[in-house]
Amino acid sequence: MIDEASSLTEAEEEKVVDRLSLRAPAVYAVIKEEGEAEIARPTGALFWSGLVAGIAMGFSVLTLALMQMHLPDTEWAPLVASVGYATGFLIVILGRQQLFTENTITVVLPLMSERSRSALGQVARVWGVVLIANWIGCVVVALGLVTFSLVPADVSAAVLDVSQHYAELTAITAFRQGIGAGFLIAAMVWMMPAAQGSEFVLVTATAWLIALGGFTHVIAGMVEIAALVLAGELSVVDGLLTLTLPTLAGNVLGGTGLFTLLAYAQVKSEVDAADPVDEPPAGPSL
């Protein structure tokens, strides 16, 4: 708190306050409130928002393919091409659409606070609806890219080319690399309240690192898997059991099991102190 006897002018004091970083409990409160708002949304609204998000995530794979297609085959090309992977994330996150991997932290914080069967059921509802809607959107955009020729043939070929790396993974590798992606997305969500106008840079940097690091993302990855399945280069069974489900498990472990629980642990004592459990009323005096 600024000392009232300070020699700073009122305008300077306002600048100081503006530059103060949000404390961890304040970040927790912002994300928890957003999570409560998401939990309260009707199932239909969650589904349609998740469907649009799944389609939008296809543009991450498409832009990555386009940039890789036009860059020379050099060692530094992935550094530049990976920036294109941010396109879908920017559309979804800045557009406030429902992305499953965001919800590995957003709707979980209210559960950490309430810890009831009802709260767990609500988290399961949001997760299930958003995940299925995201996946349907991914399949829709893959159909457009591969089957219905909504892009030129050379672009479709480029999409399949960038997707091949995913098909070469084993189940354990898809799981391990999914942990990093889940952690990074959860960390990005945690930093968003303090971004203060730098959200574009934050989202771009996160998605760029996911692509460059070869981490697996269960939504963007579904676009790649669906494209390969539709092109006959991958079986449905391998796509689901070897790639999708292990990636999903890795994303949840990294986003909820690691980052969210650790983030909550650092603020738990302060949150509990600020919001003590109500004691039962005292009985009548004898």
# chains A, B, ... in the order shown; residues from 1 in each chain; ligands from 1

$ residues_around --residues "Gln177 of chain A" --least-positions-apart "5" --cutoff "12 Å" --atoms "only C-alpha atoms" --output "list in words"
Tyr166, Leu169, Thr170, Ala171, Ile172, Gly182, Phe183, Leu184, Ile210, Ala211, Leu212, Gly213, Gly214, Phe215, Thr216, His217, Val218, Gly221, Leu243, Thr244, Pro246, Thr247, Leu248, Ala249, Gly250, Asn251, Val252, Leu253 and Gly254 of chain A

$ write_last_selection --atoms "C-alpha atoms" --output "PDB file, in the first residue's frame"
ATOM      1  CA  TYR A 166       2.326 -37.665 -34.904  1.00  0.00           C
ATOM      2  CA  LEU A 169       4.811 -41.800 -32.095  1.00  0.00           C
ATOM      3  CA  THR A 170       4.293 -44.713 -29.744  1.00  0.00           C
ATOM      4  CA  ALA A 171       1.584 -44.583 -27.087  1.00  0.00           C
ATOM      5  CA  ILE A 172       4.078 -43.920 -24.297  1.00  0.00           C
ATOM      6  CA  GLY A 182      -0.850 -29.757 -20.735  1.00  0.00           C
ATOM      7  CA  PHE A 183       1.508 -28.010 -18.338  1.00  0.00           C
ATOM      8  CA  LEU A 184       2.224 -25.184 -20.786  1.00  0.00           C
ATOM      9  CA  ILE A 210       4.398 -26.609 -28.014  1.00  0.00           C
ATOM     10  CA  ALA A 211       4.992 -26.988 -31.754  1.00  0.00           C
ATOM     11  CA  LEU A 212       8.744 -26.488 -31.642  1.00  0.00           C
ATOM     12  CA  GLY A 213       9.165 -28.860 -28.700  1.00  0.00           C
ATOM     13  CA  GLY A 214       7.176 -31.605 -30.388  1.00  0.00           C
ATOM     14  CA  PHE A 215       4.663 -31.726 -27.533  1.00  0.00           C
ATOM     15  CA  THR A 216       1.334 -33.435 -28.251  1.00  0.00           C
ATOM     16  CA  HIS A 217      -1.980 -31.589 -27.902  1.00  0.00           C
ATOM     17  CA  VAL A 218      -5.172 -33.619 -27.781  1.00  0.00           C
ATOM     18  CA  GLY A 221      -3.506 -33.419 -32.622  1.00  0.00           C
ATOM     19  CA  LEU A 243      -2.246 -41.552 -30.092  1.00  0.00           C
ATOM     20  CA  THR A 244      -5.398 -39.773 -28.906  1.00  0.00           C
ATOM     21  CA  PRO A 246      -2.431 -41.347 -24.374  1.00  0.00           C
ATOM     22  CA  THR A 247      -2.194 -37.685 -25.414  1.00  0.00           C
ATOM     23  CA  LEU A 248      -5.394 -36.936 -23.499  1.00  0.00           C
ATOM     24  CA  ALA A 249      -3.994 -38.604 -20.388  1.00  0.00           C
ATOM     25  CA  GLY A 250      -0.737 -36.673 -20.720  1.00  0.00           C
ATOM     26  CA  ASN A 251      -2.506 -33.333 -21.180  1.00  0.00           C
ATOM     27  CA  VAL A 252      -4.687 -33.928 -18.113  1.00  0.00           C
ATOM     28  CA  LEU A 253      -1.709 -35.037 -16.020  1.00  0.00           C
ATOM     29  CA  GLY A 254       0.353 -32.029 -17.069  1.00  0.00           C
TER      30      GLY A 254
END

$ closest_residue --among "A:Gly137, A:Glu36, A:Pro25, A:Phe200" --to "Gly95 of chain A" --atoms "only C-alpha atoms"
A:Phe200

$ atom_distance --atom1 "atom CA of Thr43 of chain A" --atom2 "atom CA of Thr104 of chain A"
17.5 Å

$ atom_distance --atom1 "atom CA of Ala220 of chain A" --atom2 "atom CA of Glu34 of chain A"
23.4 Å

$ select_by_dssp --residues "segment 199-260 of chain A" --states "alpha helix (DSSP H)" --output "VMD selection string"
chain A and resid 199 to 212 220 to 230 236 to 237 245 to 252
